[in-house]
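Novice: Input: one structure, supplied below.
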Amino acid sequence: MTRRPKTGPRWIRALAVAAPLTAIVALVAAAPALLAALGRPPGQGLANGYDRLVDAIAQRQWLSVRYDADGEPRIALRDGPVGADPRLRAFVNASYLRADLQDPTVWRLSDDGQWIEGIDPYAHHIDRPFTGGGAWAGPILFRGGASPGLRLQPLGDPPPAPIRLEPQGAPAAACDILMPTRRAAAPEPRRALSICLKDGEAPPHAVGSVILVGDQAIVRVQTPSLLDIRVGGQDVRPRADGEVTLTPLPPGETLTLRTGQSVLRLRLDGGAADIAHTQPTGARTYFPALQPLAQPIERAMAGRPPTPLRLSLDARLQQVAQDALASGAAIVRASAAPGTKTEAGDAFKAAVTVMDTTSGEVLAVASWPLAEAELTPAQRRTRRGQNLISQNHNFERLPVGSMVKGPFSLAILDADPGLATLKIQGGATGRIRTVLGMDLGKGGFDNHGLGMTDFPTFLEHSNNRYALALMMLAYRDPAAPLGSTRAQPPPVEAWSLEGRDRTDTPPLPVFGEATAPGPFGWVLQPPPGRGPAWADRLARLFELDAGQGGGCRYDVAVWRGLTGATPPCASPLAGASPERERLGFDAIASFRNDYLMAVLGGSRSTWSAIKMAEVYSRIVTGRQVRARFTPSSAGPPPPMLRMRDPQVRATVLDGLSRVVRSGTAGWLGREFASMGYDSDVTLLGKTGTMKVAGEIPTEPGAALLRQLAHGDCGLRWDAKAGVLKFGLAAPRDQVEATRQILSLKETRCRVRVSGRRDLARQAAEEMQRFACGYRNCQPTDFTPLPDGRVIELPIRAVEPPLLDGHAIAVAAVRQAGGQPVRGLTIVVNLQDKRQAETPALAVAAAILRSPAAHAWIAGGQP
């Protein structure tokens with residue numbers, strides 16, 4: 001007779017059940033506040049917290065696995081006191097766990113399939129881990145056609161065919177990727193791709209796979225091996241037999257397989273089939289780079305039925321633009337300029353807008369960087385670094401360089417057609433400071449020299465000296481009588497206007513002038529609200545704010561028709577709308593800084609990529625094309641631009657066509673000629689090279705000294721001796737100050753240099769600046785407390801270095817009867833170029849070369 005196991009008192013058994021359950025419930029309640037305190041991003045932090053809670057529930061075996069008649073697993077709460085506990089039931093009903101219990105694919109089961117190890121850690125990349133709140137859950141769709149979906153792209157030159165991955169499809173073959181023979185045979189789309197290793201004469205054996213869980217790619221490795229398997233720079237192999245690792249493979253990240261000298265690299269490309277949709281678990285999934293666009297739409301649609309929304313964005317063009325931008329950014333990151341402090345491989349802002357030239361429909365808004373893997377470790381710890389991946393940079397106003405010469409020139413000629421006859425000497429190459437005999441002050445400006453330059457040649461080669469002369473003459477009042485001319489100081493510069501040769505300095509702007517140029521150029525004091533006459537034409541032609549502002553800060557009209565009429569300024573859709581330009585031409589104080597530099601893409605002249613695409617679409621078509629993210633209805637074309645003299649547009653178009661034939665974008669024009677477009681497709685464009693503020697250089701010594709002061713580490717001011725001390729002793733020199741810093745105790749200061757003598761020496765040098773040579777100093781830049789303690793030190797202003805950026809606006813249009821009938825306008829803005837000469841041109845070329853671009857321009861769907 002078998003003895004029954006001895007049971008303890010009922011209260012002990014109840015406590016054994018209640019204690020861990022109470023802990024779990026308490027953790028559920030405290031999770032949001034705890035994660036916020038830890039500084040995690042709200043969406044990812046909540047998702048991670050939810051996953052941990054569910055893992056804790058699974059590891060306590062409170063969930064059971066049952067199999068139906070077809071052998072499919074079913075997940076449920078285990079019968080008994082735990083499964084019936086009302087607190088756990090309430091958590092199930094209030095969270096995504098209710099839906100997860102109905103979806104066996106998100107769970108990790110044991111090898112024998114009899115118990116649950118936990119929830120898949122990459123199944124809930126979500127904003128809200130609880131279902132309450134009435135959030136809109138409808139799908140946001142591309143305009144039509146299928147997205148290419150996720151795919152593994154083997155890296156090589158030329159690039160091999162990609163390996164398609166699908167959420168549903170044929171299972172993985174016995175060996176898809178075999179190392180070290182580097183065979184990648186995947187003719188059919190598949191859900192999982194196996195990774196195999198062949199050791200000697202033994203048959204190949206699987207060591208891992210790439211699988212899809214929802215819309216996420218995961219690298220699963222089930223056994224250690226000689227095969228080195230890395231995601232980015234991370235080794236993802238298990239450390240012991242019997243372990244399994246699951247590592248996310250983000251879009252754009254590289255999977256590296258290496259054994260001996262044999263290496264295979266594959267990059268995950270593509271994304272979700274829709275812009276955004278809700279998974280069965282309740283999680284929202286977004287197409288790469290489009291989450292910042294989709295989430296404001298979701299907020300604006302809150303409380304509405306979850307009916308599908310279809311936008312103007314095209315799936316294939318979006319993917320092509322994103323791939324091209326990622327490749328262009330990689331070129332820049334790999335070409336750090338020698339002798340600069342810019343770190344090779346660091347991130348910067350980059351954007352690509354692709355627009356239908358004739359309708360204004362935005363077809364793609366590619367943005368870079370997308371993920372933390374594209375930031376340096378130092379950037380991941382900064383707010384600026386996180387902002388790089390949390391925004392779609394097409395909506396931000398960014399420096400664009402000489403791309404503004406196109407719209408500025410058209411507005412100037414429309415206001416004063418006679419300026420189309422201007423001819424000047426292009427000047428020298430390098431830094432120059434005089435234009436038409438006028439000294440523009442300290443610093444001068446960059447210039448690419450030419451001989452005698454007319455208007456089309458100025459656009460062709462983007463001559464800065466001609467651009468500044470045009471801006472000077474455009475400030476005049478064409479109706480005002482000519483004032484007295486002034487002779488130029490030597491060397492005399494020849495120029496001509498309306499066929500009349502001249503060597504004088506043209507009259508300064510009619511709104512007043514200073515008696516002499518100051519260190520930053522001529523200073524004007526125009527009457528309030530008065531500016532150059534042509535700025536009014538600029539505002540009318542391109543519907544932008546040429547003044548200081550007013551009205552909506554964001555162009556929410558790009559969403560007209562989404563929810564009825566044009567949304568109000570305060571709509572949540574403002575978060576997915578381009579910033580409006582504010583050029584400030586009605587408040588010019590410095591003629592050089594506030595006015596002239598605008599045509600070179602400096603000063604206040606910052607533009608969104610979306611607006612720049614709209615502007616060039618208007619120049620190319622001569623019509624009032626308006627950017628929009630909602631599909632346009634079939635109807636009459638936009639009205640013609642309201643120009644005083646429509647003939648001047650032909651002069652501008654002549655210059656833009658020369659840019660891509662023999663000018664600053666001549667390389668792109670030569671590439672375009674070999675892309676197979678018909679003869680009725682014309683290419684026009686304008687490049688821009690702009691100055692972009694880089695990272696502020698760090699001063700570790702100054703930062704450490706401020707940290708020592710803030711940590712109350714014995715930094716004291718002795719007013720009688722006039723010295724700054726550590727504790728009771730004032731250092732006599734930098735060597736002694738360095739020794740004192742190294743000897744500071746961690747328990748006293750909460751700061752420990754840990755033997756970093758170089759860092760301590762830098763802090764000692766900073767100490768000397770405040771201590772005035774360690775004696776006879778007065779505390780003019782810090783305020784000691786009554787007891788002499790110094791707990792705050794000022795932050796020294798440090799100017800960030802100026803880097804070069806590179807941009808281009810290009811339009812490829814098919815014409816019929818001399819009028820554009822179909823085309824693409826592409827704006828590329830890379831806020832860094834370093835030693836890569838044509839990164840933006842290469843991005844534009846990759847887009848134009850794609851089958852999607854060919855199909856669109858030909859008139860069909862991509």
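For the structure tokens, the naming scheme is as follows: chains receive sequential letters (A, B, ...) according to their order of presentation, residues are indexed from 1 within each chain, and ligands are indexed from 1 in presentation order.
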For Gly451 (chain A), please output as a ChimeraX atom specification all residues within 9 Å (counting only C-alpha atoms; exclusion window: fewer than 6 positions along the same chain).

Specialist: /A:424-428

Novice: Can you pull out every residue from region 324-514 of chain A that DSSP, working from the backbone, puts in alpha helix (DSSP H), and format the result as a VMD selection string?

Specialist: chain A and resid 324 to 333 377 to 380 383 to 390 405 to 415 455 to 461 464 to 474

Novice: Can I get the residues of region 374-470 of chain A within 12 Å of region 543-555 of chain A, each with the closest pair of atoms and their distance in Å to one decimal, using only C-alpha atoms, sorted chain first then ascending number, as JSON lines?

Specialist:
```
{"residue": "A:Phe395", "atom": "CA", "partner": "A:Tyr554", "partner_atom": "CA", "distance": 9.0}
{"residue": "A:Glu396", "atom": "CA", "partner": "A:Tyr554", "partner_atom": "CA", "distance": 9.8}
{"residue": "A:Arg397", "atom": "CA", "partner": "A:Tyr554", "partner_atom": "CA", "distance": 10.5}
{"residue": "A:Pro407", "atom": "CA", "partner": "A:Leu544", "partner_atom": "CA", "distance": 11.2}
{"residue": "A:Phe408", "atom": "CA", "partner": "A:Ala546", "partner_atom": "CA", "distance": 10.9}
{"residue": "A:Ala411", "atom": "CA", "partner": "A:Ala546", "partner_atom": "CA", "distance": 11.4}
```

Novice: Report, in Å to a single decimal, how far apart CA of Pro491 (chain A) and CA of Gly444 (chain A) are.

Specialist: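 Value for the CA of Gly444 (chain A)-CA of Pro491 (chain A) distance: 16.3 Å.
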
Novice: How many Å separate CA of Pro637 (chain A) from CA of Ala574 (chain A)?

Specialist: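 About the pair CA of Pro637 (chain A) and CA of Ala574 (chain A): they are 26.8 Å apart.
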
Novice: For Tyr466 (chain A), which residue out of A:Lys405, A:Arg431, A:Arg74, A:Arg822 is the nearest one, using only C-alpha atoms?

Specialist: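 Going through A:Lys405, A:Arg431, A:Arg74, A:Arg822 one by one, the smallest distance to Tyr466 (chain A) is for A:Lys405.
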
Novice: If DSSP is run on the backbone, what residues of region 578-729 of chain A are strand (DSSP E)? A reply as a list in words would be ideal.

Specialist: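 Going through region 578-729 of chain A, the strand (DSSP E) residues come out as Thr606, Trp607, Val681, Thr682, Leu683, Leu684, Gly685, Lys686, Thr687, Gly688, Thr689, Met690, Lys691, Val692, Ala693, Leu715, Arg716, Trp717, Asp718, Val723, Leu724, Lys725 and Phe726 of chain A.
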
Novice: Please measure the separation of CA of Ser335 (chain A) and CA of Glu837 (chain A), giving the value in Å to one decimal.

Specialist: 9.8 Å

Novice: When you look at Ala330 (chain A) with a cut-off of 10 Å (counting only C-alpha atoms), what residues show up, excluding the ones that are within fewer than 2 positions of it in the same chain? I need them as a PyMOL selection string.

Specialist: chain A and resi 324-328+332-335+345-347+374+839

Novice: Smallest atom-to-atom distance to Leu375 (chain A): which of A:Thr453, A:Glu253, A:Ile177, A:Leu317, using only C-alpha atoms?

Specialist: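 Checking each of A:Thr453, A:Glu253, A:Ile177, A:Leu317 against Leu375 (chain A), counting only C-alpha atoms, the winner is A:Glu253.
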
Novice: For Leu227 (chain A), list every protein, DNA or RNA residue within 12 Å, evaluated using only C-alpha atoms, and leave out those in the same chain fewer than 4 positions away; present the list as a VMD selection string.

Specialist: chain A and resid 177 to 180 182 195 to 199 205 to 208 221 223 235 to 238 256 to 264
